[in-house]
Amino acid sequence: MSTAKREALYRSRQLNWRKEARLLPGYALLILWVIFTTILIGWVAAASLSTTRAIYRGEVFDFAKNGLNFGNYVKGWNSQNVSVFFMNSLGYASVSTVLLVLVAAPAAYVLSRFKFFLNHPIQNGFVVAMGVPVVMIILPLFAVVTQLQLLKQTYTIRLLMVVLYVGINVPYTTIFLLSFFSNLPRSYEEAAAIDGCPPMRTFWKIMLPLAQPGIVTVSIFNFINIWNEYFMSLIFANQDATRPVAVGLYSMINSMKYTGDWAGMFASVMILFMPTFILYLFLSEKIIAGVTGAGVKG
Amino acid sequence: MKQNRTMVVIFLTPALLLFFAIFVYPIARTVMMSLFSVENVTSSVSEWTFTGFKNYADLAQTSLFRKSMWNIFRIWAVGGLVVMSLALLFAVILNSGIRFKKFFRAVIYLPNIISAVALATMWLQYVYAPRWGFLTDFFSWLGLEDLAATQWTAAGNKFWALTFAYCFGMVGYHMLIFSSGIEKIPHEFYEASSIDGASKPRQFTNITLPLLKGVVKTNITMWTITSVGFFVWSQLFSTVTTDLDTITPMVYLYLQVFSTGNTVMEREAGLGAAVGVTLGLLVVLVFVLTNLLIREDEIEY
């Protein structure tokens, strides 16, 4: 690095007070927004560890007086099936996320690498599908599923939910991974072919591992989306044993409103909030990259 | 070459099968269904009776559906304006050379990863709560007792309370899209215009905005798609099953087709299909209109 460049870098690292002053209104707005978000989540988190009486008195942050009532969580978790809902969500989200990679990655690879006459129509079809609202597909799906008698038994419902979540997210996942594969140089495959590795083996052994960063990003994104999905599970997972946490807690939150167990209700909200929040704490950069990635081209 | 063809077929088949099962066939059947009188969603095709556009005409006559369309239009238009303005503002601020950009960006996007059930409950039971609510405390701290006493989720205020809370959660996503658009604009454009004496607002209107056309289109399309699916928030803010203040087309469809034991509406699943097709067409319409109205200049950089 030249001296001039180093000097410029040094200067840019230094606090430039005039520049910072000009940015002050921007900072103010951002900080206000951050404060509000923090209060919103912080208060609910505090209330979930508090007692209903303390919530009424407006002293949820007074932990010295009211103690940390983890009992709200324990009570919620043990009663009313929350543990079942939670495990269902975890199962749906993780199994679907893995299957999505297995289905979408090969499709994306083939679409990015080979010329054949249906290539572009398929890609366009997937892009259009990304914009199809659920209302356009829900009624026939329900009709077919009922005709096949899939809504009678717990395991068929579970299977169905996974298939639906995989199917719904295949277009987005494929398009996302497609642009990822296009950016990998072809020299890898050429080298593998010269060494006598058949193309399918090359994909599983070489190309898929190379696409790992993209796969991780799209998987976190899929996991969160499936965890938070509401409408389809409301309609299809119509037994307590198969409900995911969002739908299960909706009815629970409603009933707790009437029984007046506010601390318990806020604890339920936190149980729903925590898993995606923890993922976000560690992986926010990856998740943000997923939003601005292939799915949405300007 | 032969080997490649087998590979293409094997690798594409699972994805295509799912695509046809989950998208192509259901869309075709929904469109068909909307032209038939169908007593029950589960009725097989042989039990359908063709009625042409009767379902659409009936929908247009149904006051509940019209109310739901009016609600979703207001959420789309007013909420859209609020969300897009805030999202663009934050995107510009974040890219103005501010410190802790990644932190601010992560916090603004945070509501988007929270389940709508959790986020709506936070607003409903904390921010808008009458006794211990944030707004009540905030306004009484400012000494504005009238505002502090407002029942935010009472009949007259509920719709806007709902829209506002929803907008808060949506800003982050659209901010990211704007931000990624701004990041792609080369720095030299701003430097060159600064040398020529252009002010910051001038740079915004003459450089940033014109180059964000494509991103604006993406944002409007995505906003329309999410608006059309407006459901959970409405359910959480409703106090009765058919709440006129908060009803949206998707809630209407749910009540019409899936709600058991409601006596309000006649049983007609064809109406539900017509709701679906109407909403789908609205997305297409908005997409076509934005593409006509916002002409993107061919610029490579």
# chains A, B, ... in the order shown; residues from 1 in each chain; ligands from 1
$ residues_around --residues "Val95 of chain A" --least-positions-apart "6" --cutoff "10 Å" --atoms "only C-alpha atoms" --output "list in words"
Ser89, Val162, Val163, Tyr165, Val166 and Phe223 of chain A
$ residues_around --residues "segment 24-41 of chain B" --least-positions-apart "6" --cutoff "7 Å" --atoms "only C-alpha atoms" --output "compact mmCIF listing (two decimals) with all heavy atoms, in the first residue's frame"
# COMPACT_ATOMS: atom_id res chain seq x y z
N MET A 136 -54.54 -18.19 -4.28
CA MET A 136 -54.76 -18.74 -5.61
C MET A 136 -54.65 -20.27 -5.63
O MET A 136 -55.09 -20.91 -6.58
CB MET A 136 -53.72 -18.19 -6.60
CG MET A 136 -54.01 -16.81 -7.10
SD MET A 136 -55.41 -16.76 -8.21
CE MET A 136 -54.70 -17.39 -9.73
N ILE A 137 -54.01 -20.86 -4.62
CA ILE A 137 -53.75 -22.29 -4.69
C ILE A 137 -54.39 -23.07 -3.55
O ILE A 137 -54.50 -24.29 -3.61
CB ILE A 137 -52.22 -22.57 -4.70
CG1 ILE A 137 -51.55 -21.94 -3.49
CG2 ILE A 137 -51.60 -22.08 -5.98
CD1 ILE A 137 -50.08 -22.27 -3.39
N LEU A 139 -57.49 -23.48 -2.25
CA LEU A 139 -58.75 -24.25 -2.34
C LEU A 139 -58.57 -25.59 -3.04
O LEU A 139 -58.97 -26.62 -2.49
CB LEU A 139 -59.84 -23.41 -3.03
CG LEU A 139 -60.20 -22.08 -2.35
CD1 LEU A 139 -61.27 -21.35 -3.13
CD2 LEU A 139 -60.65 -22.31 -0.93
N PRO A 140 -57.95 -25.64 -4.23
CA PRO A 140 -57.73 -26.95 -4.85
C PRO A 140 -56.84 -27.86 -4.00
O PRO A 140 -57.11 -29.06 -3.90
CB PRO A 140 -57.03 -26.60 -6.17
CG PRO A 140 -57.44 -25.22 -6.45
CD PRO A 140 -57.56 -24.54 -5.12
N LEU A 141 -55.82 -27.29 -3.36
CA LEU A 141 -54.97 -28.12 -2.51
C LEU A 141 -55.81 -28.77 -1.43
O LEU A 141 -55.70 -29.97 -1.15
CB LEU A 141 -53.87 -27.27 -1.88
CG LEU A 141 -52.72 -26.84 -2.79
CD1 LEU A 141 -51.74 -25.97 -2.03
CD2 LEU A 141 -52.01 -28.06 -3.35
N ALA A 143 -59.03 -29.35 -1.48
CA ALA A 143 -59.94 -30.33 -2.08
C ALA A 143 -59.22 -31.65 -2.33
O ALA A 143 -59.69 -32.72 -1.93
CB ALA A 143 -60.51 -29.78 -3.39
N TRP B 48 -69.77 -29.83 -10.06
CA TRP B 48 -69.79 -28.39 -10.28
C TRP B 48 -70.82 -28.04 -11.35
O TRP B 48 -71.03 -28.80 -12.30
CB TRP B 48 -68.43 -27.89 -10.76
CG TRP B 48 -67.29 -28.09 -9.80
CD1 TRP B 48 -67.32 -28.75 -8.61
CD2 TRP B 48 -65.93 -27.64 -9.98
NE1 TRP B 48 -66.08 -28.74 -8.03
CE2 TRP B 48 -65.21 -28.07 -8.83
CE3 TRP B 48 -65.27 -26.92 -10.96
CZ2 TRP B 48 -63.86 -27.80 -8.68
CZ3 TRP B 48 -63.91 -26.66 -10.81
CH2 TRP B 48 -63.22 -27.08 -9.68
N THR B 49 -71.46 -26.88 -11.20
CA THR B 49 -72.34 -26.41 -12.27
C THR B 49 -71.82 -25.08 -12.79
O THR B 49 -71.55 -24.16 -12.01
CB THR B 49 -73.79 -26.19 -11.78
OG1 THR B 49 -73.76 -26.07 -10.36
CG2 THR B 49 -74.71 -27.31 -12.21
N PHE B 50 -71.69 -25.02 -14.13
CA PHE B 50 -71.12 -23.82 -14.74
C PHE B 50 -72.07 -22.63 -14.59
O PHE B 50 -73.24 -22.72 -14.90
CB PHE B 50 -70.84 -24.08 -16.21
CG PHE B 50 -70.17 -22.92 -16.88
CD1 PHE B 50 -68.81 -22.68 -16.69
CD2 PHE B 50 -70.89 -22.06 -17.70
CE1 PHE B 50 -68.19 -21.61 -17.31
CE2 PHE B 50 -70.27 -20.98 -18.32
CZ PHE B 50 -68.91 -20.76 -18.12
N THR B 51 -71.56 -21.52 -14.07
CA THR B 51 -72.39 -20.33 -13.92
C THR B 51 -71.75 -19.09 -14.53
O THR B 51 -72.22 -17.98 -14.31
CB THR B 51 -72.70 -20.05 -12.44
OG1 THR B 51 -71.47 -20.08 -11.71
CG2 THR B 51 -73.67 -21.06 -11.86
N GLY B 52 -70.65 -19.27 -15.26
CA GLY B 52 -69.98 -18.13 -15.87
C GLY B 52 -69.43 -17.17 -14.82
O GLY B 52 -68.82 -17.60 -13.85
N PHE B 53 -69.70 -15.90 -15.01
CA PHE B 53 -69.13 -14.90 -14.11
C PHE B 53 -70.03 -14.58 -12.92
O PHE B 53 -69.86 -13.56 -12.27
CB PHE B 53 -68.77 -13.63 -14.88
CG PHE B 53 -67.60 -13.82 -15.78
CD1 PHE B 53 -67.77 -14.11 -17.13
CD2 PHE B 53 -66.30 -13.76 -15.28
CE1 PHE B 53 -66.68 -14.31 -17.96
CE2 PHE B 53 -65.21 -13.96 -16.10
CZ PHE B 53 -65.39 -14.25 -17.45
N ASN B 55 -70.23 -15.81 -9.94
CA ASN B 55 -69.54 -15.65 -8.66
C ASN B 55 -68.95 -14.26 -8.52
O ASN B 55 -69.02 -13.66 -7.45
CB ASN B 55 -68.42 -16.69 -8.54
CG ASN B 55 -68.96 -18.07 -8.25
OD1 ASN B 55 -69.97 -18.20 -7.57
ND2 ASN B 55 -68.31 -19.08 -8.80
N VAL B 257 -65.16 -20.13 3.14
CA VAL B 257 -64.90 -21.51 2.74
C VAL B 257 -64.58 -22.44 3.91
O VAL B 257 -65.05 -23.57 3.95
CB VAL B 257 -63.74 -21.55 1.71
CG1 VAL B 257 -63.44 -22.98 1.30
CG2 VAL B 257 -64.08 -20.72 0.50
N ARG B 267 -73.33 -21.25 1.55
CA ARG B 267 -72.19 -22.10 1.23
C ARG B 267 -71.95 -22.06 -0.27
O ARG B 267 -72.77 -22.49 -1.05
CB ARG B 267 -72.47 -23.51 1.68
CG ARG B 267 -72.37 -23.68 3.17
CD ARG B 267 -72.40 -25.13 3.55
NE ARG B 267 -71.13 -25.80 3.29
CZ ARG B 267 -70.07 -25.66 4.08
NH1 ARG B 267 -70.11 -24.88 5.11
NH2 ARG B 267 -68.96 -26.31 3.82
N GLU B 268 -70.84 -21.51 -0.65
CA GLU B 268 -70.50 -21.42 -2.06
C GLU B 268 -68.99 -21.27 -2.16
O GLU B 268 -68.45 -20.20 -1.92
CB GLU B 268 -71.22 -20.24 -2.70
CG GLU B 268 -70.84 -19.95 -4.14
CD GLU B 268 -71.03 -21.15 -5.07
OE1 GLU B 268 -72.15 -21.33 -5.57
OE2 GLU B 268 -70.05 -21.89 -5.28
N ALA B 269 -68.30 -22.38 -2.47
CA ALA B 269 -66.85 -22.34 -2.54
C ALA B 269 -66.38 -21.63 -3.80
O ALA B 269 -65.26 -21.12 -3.85
CB ALA B 269 -66.28 -23.75 -2.49
N GLY B 270 -67.25 -21.58 -4.82
CA GLY B 270 -66.90 -20.86 -6.04
C GLY B 270 -66.59 -19.40 -5.76
O GLY B 270 -65.71 -18.81 -6.38
N LEU B 271 -67.32 -18.84 -4.78
CA LEU B 271 -67.05 -17.45 -4.39
C LEU B 271 -65.62 -17.32 -3.87
O LEU B 271 -64.92 -16.36 -4.20
CB LEU B 271 -68.01 -17.03 -3.28
CG LEU B 271 -69.42 -16.59 -3.67
CD1 LEU B 271 -70.20 -16.23 -2.42
CD2 LEU B 271 -69.36 -15.39 -4.60
N ALA B 273 -63.07 -19.13 -4.66
CA ALA B 273 -62.16 -19.19 -5.81
C ALA B 273 -62.12 -17.85 -6.53
O ALA B 273 -61.05 -17.38 -6.95
CB ALA B 273 -62.58 -20.29 -6.76
N ALA B 274 -63.31 -17.22 -6.65
CA ALA B 274 -63.36 -15.92 -7.32
C ALA B 274 -62.57 -14.87 -6.54
O ALA B 274 -61.91 -14.01 -7.14
CB ALA B 274 -64.81 -15.47 -7.49
N VAL B 277 -58.92 -15.53 -7.47
CA VAL B 277 -58.58 -15.06 -8.81
C VAL B 277 -58.53 -13.53 -8.85
O VAL B 277 -57.61 -12.95 -9.44
CB VAL B 277 -59.59 -15.60 -9.85
CG1 VAL B 277 -59.31 -15.03 -11.23
CG2 VAL B 277 -59.52 -17.12 -9.89
$ residues_around --residues "Gly97 of chain B" --least-positions-apart "6" --cutoff "9 Å" --atoms "only C-alpha atoms" --output "list in words"
Lys19, Glu20 and Leu23 of chain A
$ interface_residues --of "chain A" --to "chain B" --cutoff "6 Å" --atoms "only C-alpha atoms" --output "list in words"
Gly26, Gly58, Val103, Pro106, Ala107, Val110, Val135, Met136, Ile137, Pro140, Ala143, Gly167, Asn228, Val269, Phe273 and Gly298 of chain A
$ atom_distance --atom1 "atom CA of Asn95 of chain B" --atom2 "atom CA of Trp17 of chain A"
17.8 Å
$ closest_residue --among "A:Lys257, A:Lys75, A:Arg57, A:Lys286" --to "Ile271 of chain A" --atoms "only C-alpha atoms"
A:Lys75
$ closest_residue --among "A:Leu281, A:Gly131, A:Phe117, A:Ile206" --to "Ala191 of chain A" --atoms "only C-alpha atoms"
A:Ile206
$ residues_around --residues "Leu150 of chain A" --least-positions-apart "2" --cutoff "12 Å" --atoms "only C-alpha atoms" --output "ChimeraX atom specification"
/A:141-148,152-161,236-238
$ residues_around --residues "Gln123 of chain A" --least-positions-apart "2" --cutoff "9 Å" --atoms "only C-alpha atoms" --output "ChimeraX atom specification"
/A:111,118-121,125-128,171,174-175
$ write_last_selection --atoms "N, CA and C atoms" --output "compact mmCIF listing (two decimals), in the first residue's frame"
# COMPACT_ATOMS: atom_id res chain seq x y z
N LEU A 111 -30.30 -26.08 -14.28
CA LEU A 111 -30.80 -24.89 -14.98
C LEU A 111 -29.69 -23.88 -15.24
N LEU A 118 -36.48 -26.19 -22.64
CA LEU A 118 -37.42 -25.78 -21.60
C LEU A 118 -36.76 -24.94 -20.49
N ASN A 119 -35.45 -24.73 -20.63
CA ASN A 119 -34.73 -24.09 -19.54
C ASN A 119 -35.35 -22.74 -19.14
N HIS A 120 -35.48 -21.85 -20.12
CA HIS A 120 -35.99 -20.53 -19.77
C HIS A 120 -37.45 -20.52 -19.36
N PRO A 121 -38.32 -21.29 -20.05
CA PRO A 121 -39.71 -21.37 -19.55
C PRO A 121 -39.79 -21.83 -18.09
N GLY A 125 -41.29 -19.69 -15.10
CA GLY A 125 -42.38 -20.26 -14.30
C GLY A 125 -42.10 -20.14 -12.81
N PHE A 126 -40.86 -20.44 -12.42
CA PHE A 126 -40.49 -20.34 -11.01
C PHE A 126 -40.57 -18.90 -10.52
N VAL A 127 -40.11 -17.97 -11.36
CA VAL A 127 -40.14 -16.56 -10.94
C VAL A 127 -41.59 -16.10 -10.75
N VAL A 128 -42.46 -16.51 -11.67
CA VAL A 128 -43.88 -16.15 -11.53
C VAL A 128 -44.45 -16.77 -10.26
N PRO A 171 -39.66 -22.81 -5.79
CA PRO A 171 -39.30 -21.78 -6.77
C PRO A 171 -38.29 -20.78 -6.23
N THR A 174 -34.84 -22.46 -5.65
CA THR A 174 -34.16 -22.79 -6.91
C THR A 174 -33.59 -21.54 -7.56
N ILE A 175 -34.40 -20.48 -7.64
CA ILE A 175 -33.93 -19.26 -8.28
C ILE A 175 -32.75 -18.66 -7.51
$ closest_residue --among "A:Ile122, A:Ala263, A:Val101, A:Ala193" --to "Gly214 of chain A" --atoms "only C-alpha atoms"
A:Val101
$ select_by_dssp --residues "segment 79-215 of chain A" --states "alpha helix (DSSP H)" --output "VMD selection string"
chain A and resid 82 to 113 119 to 129 138 to 147 154 to 182 187 to 194 199 to 202 208 to 210 212 to 215
